[in-house]
Amino acid sequence: MRRILVFALSIVMLLSAFVVSASAAENDGINRKYEGTTIIVFNWGEYIADGSDGSMDVVKEFEKETGIHVEYMTYANNEELYAALNNGGTTYDVVVPSDYMFERLYYEDLLQPIDYNNIPYYSNIASKFKGVFKEGMNNYYVPYTIGMVGVIYNTTMIEEVPGNWDLLWDEKYAKQVLMFDNPRDAFAIAQFKLGLSINSENLDDWSLAADALEAQKSIVKRYVNDEVFDIMEDGLAAAAPYYAGDYFTMKDENDDLEFYYPRNEEGELITNQFIDVMCIPKASKNKEAAEMFINYILRDDIALEVAEYICYASPNVTVVNNPEYSFSKEQDEYAYNILYPEELAPDSEKSFDNRLVFSHLDRETLNYMNARWSSVKAQVDASGVYITCAVILSGLLVLVVWKLRKKQTRRIDEEYYMLSQKSTH
């Protein structure tokens, strides 16, 4: 009789523990309700911890916890994402567009609103990143990463740092300065330099910026995107504008490199802030399972794994305040101050300024920008061609090694701007 009683009590305790555990999991938005379901997640390449470099395989862990199968697919740029959503061939459940592309998807009615009741870890996101876009849009996204463009410079070549964008127009560094090889980023830098809006609908503003880019051509060594890594790491240029998260990759290879965010005389930022967001396409047939995945990404431990792997700033308060986080104040104050200046620090009172965020431009503005950019690029010195060939040949020799050590960079592809005829607003 006693053994029967002990056995019964053991069963009761096990059941109680199971109920408590299941209840806790459901409170976290994680359960087995959708076990056997398949969702398709479409994200930038190398933009999630995947088990490489000693990281956690986030997708596999999600599958283990929920029983949901994840078909994880990647794209190289926002335009590839846009084309995929429009071709109707695959029904995606979670996508991660950048700010301007998010707006385009919203305007073209390709997204559905998110039920935040299914995302309890949404509370981990700092409030300053929850209302970045225009009224009506803010129920359609969950922040994934944040960041800003700054200036990377070589301390062995630069005599004095002005702290604004003037460095990239300084004749002392003629043919030693790199510039973004896409119109939106390049025009934005000129617009910030001139005190103009980066989202202006006044073509006169774009004309002034184009004139500034024309004047800069004699200073520019080369227009670049990912090539910036090798050039700056090898000490072949004095300065270049690029994303803060990628600066650390370059500094690992060349300790002479330093970084700053351009500011005006009043100390205000005059540079692009970006935000990449998780969304659910309107065509998704697994909305709640998709919301469970988004919630999982926001969970304290998972968000930390993602932030550690991709090296971009996180909008998640639990990541930034975790003393074990590699870019925390406790671990690396220098890196923290770059990734999380006051404007990006989740716990600071400074707001995320949507005036610094790219918006989707109307067709007329896009066409004008494209035409003026073509004019700017048309007269670049032929010497750039020889440099390009040399870099390509060198790149072929080290391609495998380069791919192994480089993270996917976040950049705006020029193709977007050449598709302006398809733009709607």
# chains A, B, ... in the order shown; residues from 1 in each chain; ligands from 1
call {"tool": "residues_around", "arguments": {"residues": "Ile338 in chain A", "least_positions_apart": "4", "cutoff": "8 Å", "atoms": "only C-alpha atoms", "output": "PyMOL selection string"}}
result
chain A and resi 244+259-260+334
call {"tool": "residues_around", "arguments": {"residues": "Asp353 in chain A", "least_positions_apart": "4", "cutoff": "8 Å", "atoms": "only C-alpha atoms", "output": "PDB file with N, CA and C atoms, in the first residue's frame"}}
result
ATOM      1  N   VAL A 132       8.868  53.993 -35.297  1.00  0.00           N
ATOM      2  CA  VAL A 132       9.811  54.679 -36.180  1.00  0.00           C
ATOM      3  C   VAL A 132       9.138  55.211 -37.439  1.00  0.00           C
ATOM      4  N   GLN A 273      20.449  56.599 -40.201  1.00  0.00           N
ATOM      5  CA  GLN A 273      20.137  55.547 -39.244  1.00  0.00           C
ATOM      6  C   GLN A 273      19.305  54.503 -39.989  1.00  0.00           C
ATOM      7  N   GLU A 343      22.019  57.978 -29.230  1.00  0.00           N
ATOM      8  CA  GLU A 343      20.835  57.910 -30.085  1.00  0.00           C
ATOM      9  C   GLU A 343      20.363  56.482 -30.327  1.00  0.00           C
ATOM     10  N   VAL A 357      16.177  58.262 -41.268  1.00  0.00           N
ATOM     11  CA  VAL A 357      15.878  56.940 -41.823  1.00  0.00           C
ATOM     12  C   VAL A 357      15.389  57.091 -43.258  1.00  0.00           C
TER      13      VAL A 357
END
call {"tool": "atom_distance", "arguments": {"atom1": "CA of Lys134 in chain A", "atom2": "CA of Leu81 in chain A"}}
result
22.0 Å
call {"tool": "select_by_dssp", "arguments": {"residues": "range 269-391 of chain A", "states": "helix (DSSP H, G or I)", "output": "ChimeraX atom specification"}}
result
/A:287-298,300-310,317-320,333-339,354-356,363-378,383-391
call {"tool": "residues_around", "arguments": {"residues": "range 163-168 of chain A", "least_positions_apart": "4", "cutoff": "10 Å", "atoms": "only C-alpha atoms", "output": "ChimeraX atom specification"}}
result
/A:150-151,153,158,172-174,176-179,189-190,192-194,216,219-220,238-241,259-265,267,269-271
call {"tool": "closest_atom_pairs", "arguments": {"of": "range 31-62 of chain A", "to": "range 297-314 of chain A", "cutoff": "10 Å", "atoms": "only C-alpha atoms", "output": "tab-separated table"}}
result
residue	atom	partner	partner_atom	distance
A:Glu46	CA	A:Ile310	CA	7.4
A:Tyr47	CA	A:Ile310	CA	5.9
A:Ile48	CA	A:Val306	CA	5.4
A:Ala49	CA	A:Val306	CA	5.1
A:Asp50	CA	A:Tyr309	CA	8.5
A:Gly51	CA	A:Tyr309	CA	9.5
A:Ser52	CA	A:Tyr309	CA	8.9
A:Asp53	CA	A:Tyr309	CA	8.3
A:Gly54	CA	A:Tyr309	CA	9.3
A:Ser55	CA	A:Tyr309	CA	6.9
A:Met56	CA	A:Glu305	CA	6.6
A:Asp57	CA	A:Glu305	CA	9.0
A:Val58	CA	A:Ile302	CA	7.0
A:Val59	CA	A:Ile297	CA	9.5
A:Glu61	CA	A:Ile302	CA	9.4
A:Phe62	CA	A:Ile297	CA	9.1
call {"tool": "write_last_selection", "arguments": {"atoms": "all heavy atoms", "output": "CSV table (one decimal), in the first residue's frame"}}
result
chain,number,residue,atom,x,y,z
A,46,GLU,N,23.6,35.1,-43.8
A,46,GLU,CA,24.5,35.2,-42.7
A,46,GLU,C,24.0,36.3,-41.7
A,46,GLU,O,24.8,37.0,-41.1
A,46,GLU,CB,25.9,35.5,-43.0
A,46,GLU,CG,26.5,34.3,-43.8
A,46,GLU,CD,28.0,34.5,-44.1
A,46,GLU,OE1,28.7,34.9,-43.1
A,46,GLU,OE2,28.5,34.2,-45.2
A,47,TYR,N,22.7,36.4,-41.5
A,47,TYR,CA,22.1,37.4,-40.7
A,47,TYR,C,21.3,36.8,-39.5
A,47,TYR,O,20.4,37.4,-38.9
A,47,TYR,CB,21.1,38.2,-41.5
A,47,TYR,CG,21.0,39.7,-41.2
A,47,TYR,CD1,22.2,40.4,-40.8
A,47,TYR,CD2,19.8,40.4,-41.2
A,47,TYR,CE1,22.1,41.7,-40.5
A,47,TYR,CE2,19.8,41.7,-40.9
A,47,TYR,CZ,20.9,42.4,-40.5
A,47,TYR,OH,20.8,43.8,-40.2
A,48,ILE,N,21.8,35.5,-39.1
A,48,ILE,CA,21.3,34.9,-37.9
A,48,ILE,C,22.3,33.9,-37.5
A,48,ILE,O,23.1,33.4,-38.3
A,48,ILE,CB,19.9,34.1,-38.3
A,48,ILE,CG1,19.2,33.7,-37.0
A,48,ILE,CG2,20.2,32.9,-39.1
A,48,ILE,CD1,17.8,33.2,-37.2
A,49,ALA,N,22.4,33.6,-36.2
A,49,ALA,CA,23.4,32.6,-35.7
A,49,ALA,C,23.0,31.3,-36.2
A,49,ALA,O,21.8,30.8,-36.1
A,49,ALA,CB,23.3,32.6,-34.1
A,50,ASP,N,23.9,30.6,-36.9
A,50,ASP,CA,23.6,29.4,-37.6
A,50,ASP,C,24.4,28.2,-37.2
A,50,ASP,O,24.5,27.1,-37.9
A,50,ASP,CB,23.7,29.6,-39.1
A,50,ASP,CG,25.1,30.0,-39.5
A,50,ASP,OD1,26.0,30.0,-38.6
A,50,ASP,OD2,25.3,30.3,-40.7
A,51,GLY,N,25.1,28.3,-36.1
A,51,GLY,CA,26.0,27.2,-35.6
A,51,GLY,C,27.4,27.3,-36.0
A,51,GLY,O,28.3,26.6,-35.5
A,52,SER,N,27.7,28.2,-37.0
A,52,SER,CA,29.1,28.4,-37.4
A,52,SER,C,29.8,29.3,-36.4
A,52,SER,O,29.2,30.0,-35.6
A,52,SER,CB,29.2,29.0,-38.8
A,52,SER,OG,28.6,30.3,-38.8
A,53,ASP,N,31.2,29.2,-36.4
A,53,ASP,CA,32.0,30.0,-35.5
A,53,ASP,C,31.6,29.8,-34.0
A,53,ASP,O,31.7,30.8,-33.2
A,53,ASP,CB,31.9,31.5,-35.8
A,53,ASP,CG,32.3,31.8,-37.2
A,53,ASP,OD1,33.2,31.1,-37.7
A,53,ASP,OD2,31.8,32.8,-37.9
A,54,GLY,N,31.2,28.6,-33.7
A,54,GLY,CA,30.8,28.3,-32.3
A,54,GLY,C,29.5,28.9,-31.8
A,54,GLY,O,29.2,28.9,-30.6
A,55,SER,N,28.7,29.4,-32.7
A,55,SER,CA,27.4,30.0,-32.3
A,55,SER,C,26.3,28.9,-32.2
A,55,SER,O,26.5,27.8,-32.6
A,55,SER,CB,27.0,31.0,-33.4
A,55,SER,OG,26.7,30.4,-34.6
A,56,MET,N,25.2,29.3,-31.7
A,56,MET,CA,24.0,28.4,-31.6
A,56,MET,C,23.4,28.4,-33.0
A,56,MET,O,23.3,29.4,-33.7
A,56,MET,CB,23.0,29.0,-30.6
A,56,MET,CG,21.7,28.2,-30.5
A,56,MET,SD,20.4,29.1,-29.6
A,56,MET,CE,21.0,28.9,-27.9
A,57,ASP,N,22.8,27.3,-33.3
A,57,ASP,CA,22.0,27.2,-34.5
A,57,ASP,C,20.6,27.5,-34.1
A,57,ASP,O,19.8,26.6,-33.7
A,57,ASP,CB,22.1,25.8,-35.1
A,57,ASP,CG,21.4,25.7,-36.5
A,57,ASP,OD1,20.5,26.4,-36.8
A,57,ASP,OD2,21.9,25.0,-37.4
A,58,VAL,N,20.2,28.8,-34.3
A,58,VAL,CA,18.9,29.3,-33.7
A,58,VAL,C,17.7,28.6,-34.4
A,58,VAL,O,16.8,28.2,-33.7
A,58,VAL,CB,18.9,30.8,-34.0
A,58,VAL,CG1,17.4,31.3,-33.7
A,58,VAL,CG2,19.8,31.5,-33.0
A,59,VAL,N,17.8,28.4,-35.7
A,59,VAL,CA,16.7,27.7,-36.4
A,59,VAL,C,16.5,26.3,-35.9
A,59,VAL,O,15.3,25.9,-35.6
A,59,VAL,CB,16.9,27.7,-37.9
A,59,VAL,CG1,15.9,26.9,-38.6
A,59,VAL,CG2,16.8,29.2,-38.4
A,61,GLU,N,17.3,25.1,-33.0
A,61,GLU,CA,16.8,25.1,-31.6
A,61,GLU,C,15.3,25.4,-31.6
A,61,GLU,O,14.6,24.9,-30.8
A,61,GLU,CB,17.6,26.1,-30.8
A,61,GLU,CG,19.0,25.7,-30.5
A,61,GLU,CD,19.1,24.4,-29.8
A,61,GLU,OE1,18.4,24.2,-28.8
A,61,GLU,OE2,20.0,23.5,-30.2
A,62,PHE,N,14.9,26.3,-32.4
A,62,PHE,CA,13.5,26.6,-32.5
A,62,PHE,C,12.7,25.4,-32.9
A,62,PHE,O,11.6,25.1,-32.4
A,62,PHE,CB,13.2,27.8,-33.5
A,62,PHE,CG,11.8,28.1,-33.8
A,62,PHE,CD1,11.1,28.8,-32.9
A,62,PHE,CD2,11.2,27.6,-35.0
A,62,PHE,CE1,9.7,29.1,-33.1
A,62,PHE,CE2,9.8,27.9,-35.2
A,62,PHE,CZ,9.1,28.7,-34.3
call {"tool": "closest_residue", "arguments": {"among": "A:Tyr116, A:Tyr82, A:Tyr121, A:Tyr336", "to": "Val96 in chain A", "atoms": "only C-alpha atoms"}}
result
A:Tyr82
call {"tool": "closest_residue", "arguments": {"among": "A:Glu214, A:Glu171, A:Glu324, A:Asp181", "to": "Glu227 in chain A", "atoms": "only C-alpha atoms"}}
result
A:Asp181
call {"tool": "atom_distance", "arguments": {"atom1": "CA of Pro346 in chain A", "atom2": "CA of Trp44 in chain A"}}
result
23.6 Å
call {"tool": "closest_residue", "arguments": {"among": "A:Asn78, A:Ser284, A:Asn225, A:Thr66", "to": "Asp246 in chain A", "atoms": "only C-alpha atoms"}}
result
A:Asn225
call {"tool": "residues_around", "arguments": {"residues": "Asn316 in chain A", "least_positions_apart": "3", "cutoff": "6 Å", "atoms": "only C-alpha atoms", "output": "list in words"}}
result
Asn124, Ile125 and Val319 of chain A
call {"tool": "closest_residue", "arguments": {"among": "A:Arg104, A:Arg372, A:Lys329, A:Lys64", "to": "Asp211 in chain A", "atoms": "only C-alpha atoms"}}
result
A:Arg372
call {"tool": "residues_around", "arguments": {"residues": "Glu103 in chain A", "least_positions_apart": "4", "cutoff": "8 Å", "atoms": "only C-alpha atoms", "output": "list of chain:residue names"}}
result
A:Asp99, A:Tyr107, A:Met137, A:Ser359, A:His360
call {"tool": "write_last_selection", "arguments": {"atoms": "N, CA, C and O atoms", "output": "PDB file, in the first residue's frame"}}
result
ATOM      1  N   ASP A  99      14.308  49.413 -43.786  1.00  0.00           N
ATOM      2  CA  ASP A  99      13.324  50.473 -43.597  1.00  0.00           C
ATOM      3  C   ASP A  99      12.599  50.903 -44.873  1.00  0.00           C
ATOM      4  O   ASP A  99      11.376  50.852 -44.956  1.00  0.00           O
ATOM      5  N   TYR A 107       3.085  49.955 -48.560  1.00  0.00           N
ATOM      6  CA  TYR A 107       2.303  50.735 -49.512  1.00  0.00           C
ATOM      7  C   TYR A 107       1.676  49.852 -50.592  1.00  0.00           C
ATOM      8  O   TYR A 107       0.587  50.151 -51.098  1.00  0.00           O
ATOM      9  N   MET A 137       1.759  52.335 -40.017  1.00  0.00           N
ATOM     10  CA  MET A 137       2.729  51.292 -40.359  1.00  0.00           C
ATOM     11  C   MET A 137       3.219  50.514 -39.142  1.00  0.00           C
ATOM     12  O   MET A 137       3.747  49.411 -39.278  1.00  0.00           O
ATOM     13  N   SER A 359      13.205  56.759 -46.402  1.00  0.00           N
ATOM     14  CA  SER A 359      11.824  56.451 -46.755  1.00  0.00           C
ATOM     15  C   SER A 359      11.766  56.069 -48.224  1.00  0.00           C
ATOM     16  O   SER A 359      12.643  56.431 -49.010  1.00  0.00           O
ATOM     17  N   HIS A 360      10.720  55.358 -48.593  1.00  0.00           N
ATOM     18  CA  HIS A 360      10.509  55.003 -49.998  1.00  0.00           C
ATOM     19  C   HIS A 360      10.189  56.276 -50.774  1.00  0.00           C
ATOM     20  O   HIS A 360       9.301  57.036 -50.400  1.00  0.00           O
TER      21      HIS A 360
END
call {"tool": "decode", "arguments": {"residues": "range 187-242 of chain A", "atoms": "C-alpha atoms", "output": "PDB file, in the first residue's frame"}}
result
ATOM      1  CA  PHE A 187      23.176  61.385 -52.162  1.00  0.00           C
ATOM      2  CA  ALA A 188      22.342  61.093 -48.455  1.00  0.00           C
ATOM      3  CA  ILE A 189      25.904  61.962 -47.475  1.00  0.00           C
ATOM      4  CA  ALA A 190      25.846  65.026 -49.735  1.00  0.00           C
ATOM      5  CA  GLN A 191      22.406  65.987 -48.377  1.00  0.00           C
ATOM      6  CA  PHE A 192      23.585  65.692 -44.789  1.00  0.00           C
ATOM      7  CA  LYS A 193      26.647  67.783 -45.623  1.00  0.00           C
ATOM      8  CA  LEU A 194      24.406  70.516 -47.063  1.00  0.00           C
ATOM      9  CA  GLY A 195      21.774  70.340 -44.311  1.00  0.00           C
ATOM     10  CA  LEU A 196      19.080  68.921 -46.630  1.00  0.00           C
ATOM     11  CA  SER A 197      16.478  66.217 -46.000  1.00  0.00           C
ATOM     12  CA  ILE A 198      17.427  62.747 -47.228  1.00  0.00           C
ATOM     13  CA  ASN A 199      13.749  62.128 -48.042  1.00  0.00           C
ATOM     14  CA  SER A 200      13.067  65.468 -49.728  1.00  0.00           C
ATOM     15  CA  GLU A 201      10.470  65.604 -52.500  1.00  0.00           C
ATOM     16  CA  ASN A 202      11.911  68.909 -53.736  1.00  0.00           C
ATOM     17  CA  LEU A 203      14.001  68.221 -56.843  1.00  0.00           C
ATOM     18  CA  ASP A 204      16.018  71.380 -56.214  1.00  0.00           C
ATOM     19  CA  ASP A 205      17.389  69.719 -53.071  1.00  0.00           C
ATOM     20  CA  TRP A 206      18.467  66.686 -55.080  1.00  0.00           C
ATOM     21  CA  SER A 207      20.080  68.981 -57.649  1.00  0.00           C
ATOM     22  CA  LEU A 208      22.174  70.664 -54.955  1.00  0.00           C
ATOM     23  CA  ALA A 209      23.267  67.269 -53.621  1.00  0.00           C
ATOM     24  CA  ALA A 210      24.170  66.101 -57.124  1.00  0.00           C
ATOM     25  CA  ASP A 211      26.284  69.222 -57.621  1.00  0.00           C
ATOM     26  CA  ALA A 212      28.138  68.412 -54.392  1.00  0.00           C
ATOM     27  CA  LEU A 213      28.796  64.862 -55.623  1.00  0.00           C
ATOM     28  CA  GLU A 214      30.088  66.252 -58.916  1.00  0.00           C
ATOM     29  CA  ALA A 215      32.463  68.500 -56.965  1.00  0.00           C
ATOM     30  CA  GLN A 216      33.657  65.529 -54.925  1.00  0.00           C
ATOM     31  CA  LYS A 217      34.718  63.390 -57.900  1.00  0.00           C
ATOM     32  CA  SER A 218      38.277  64.707 -57.955  1.00  0.00           C
ATOM     33  CA  ILE A 219      38.668  63.560 -54.332  1.00  0.00           C
ATOM     34  CA  VAL A 220      37.238  60.058 -54.803  1.00  0.00           C
ATOM     35  CA  LYS A 221      39.660  57.201 -55.315  1.00  0.00           C
ATOM     36  CA  ARG A 222      36.874  54.717 -55.998  1.00  0.00           C
ATOM     37  CA  TYR A 223      33.153  54.139 -55.551  1.00  0.00           C
ATOM     38  CA  VAL A 224      32.680  50.953 -53.509  1.00  0.00           C
ATOM     39  CA  ASN A 225      30.357  48.605 -51.715  1.00  0.00           C
ATOM     40  CA  ASP A 226      31.832  45.402 -50.247  1.00  0.00           C
ATOM     41  CA  GLU A 227      35.214  46.222 -51.793  1.00  0.00           C
ATOM     42  CA  VAL A 228      35.657  48.684 -48.947  1.00  0.00           C
ATOM     43  CA  PHE A 229      36.799  45.835 -46.686  1.00  0.00           C
ATOM     44  CA  ASP A 230      39.920  44.868 -48.600  1.00  0.00           C
ATOM     45  CA  ILE A 231      40.862  48.436 -49.519  1.00  0.00           C
ATOM     46  CA  MET A 232      40.628  49.817 -45.976  1.00  0.00           C
ATOM     47  CA  GLU A 233      42.137  46.726 -44.365  1.00  0.00           C
ATOM     48  CA  ASP A 234      45.144  46.909 -46.697  1.00  0.00           C
ATOM     49  CA  GLY A 235      45.672  50.610 -45.988  1.00  0.00           C
ATOM     50  CA  LEU A 236      44.995  51.611 -49.588  1.00  0.00           C
ATOM     51  CA  ALA A 237      42.642  54.499 -48.786  1.00  0.00           C
ATOM     52  CA  ALA A 238      42.495  57.196 -46.139  1.00  0.00           C
ATOM     53  CA  ALA A 239      38.765  57.299 -45.407  1.00  0.00           C
ATOM     54  CA  ALA A 240      35.442  55.702 -46.321  1.00  0.00           C
ATOM     55  CA  PRO A 241      31.815  55.906 -45.210  1.00  0.00           C
ATOM     56  CA  TYR A 242      30.350  52.561 -44.064  1.00  0.00           C
TER      57      TYR A 242
END
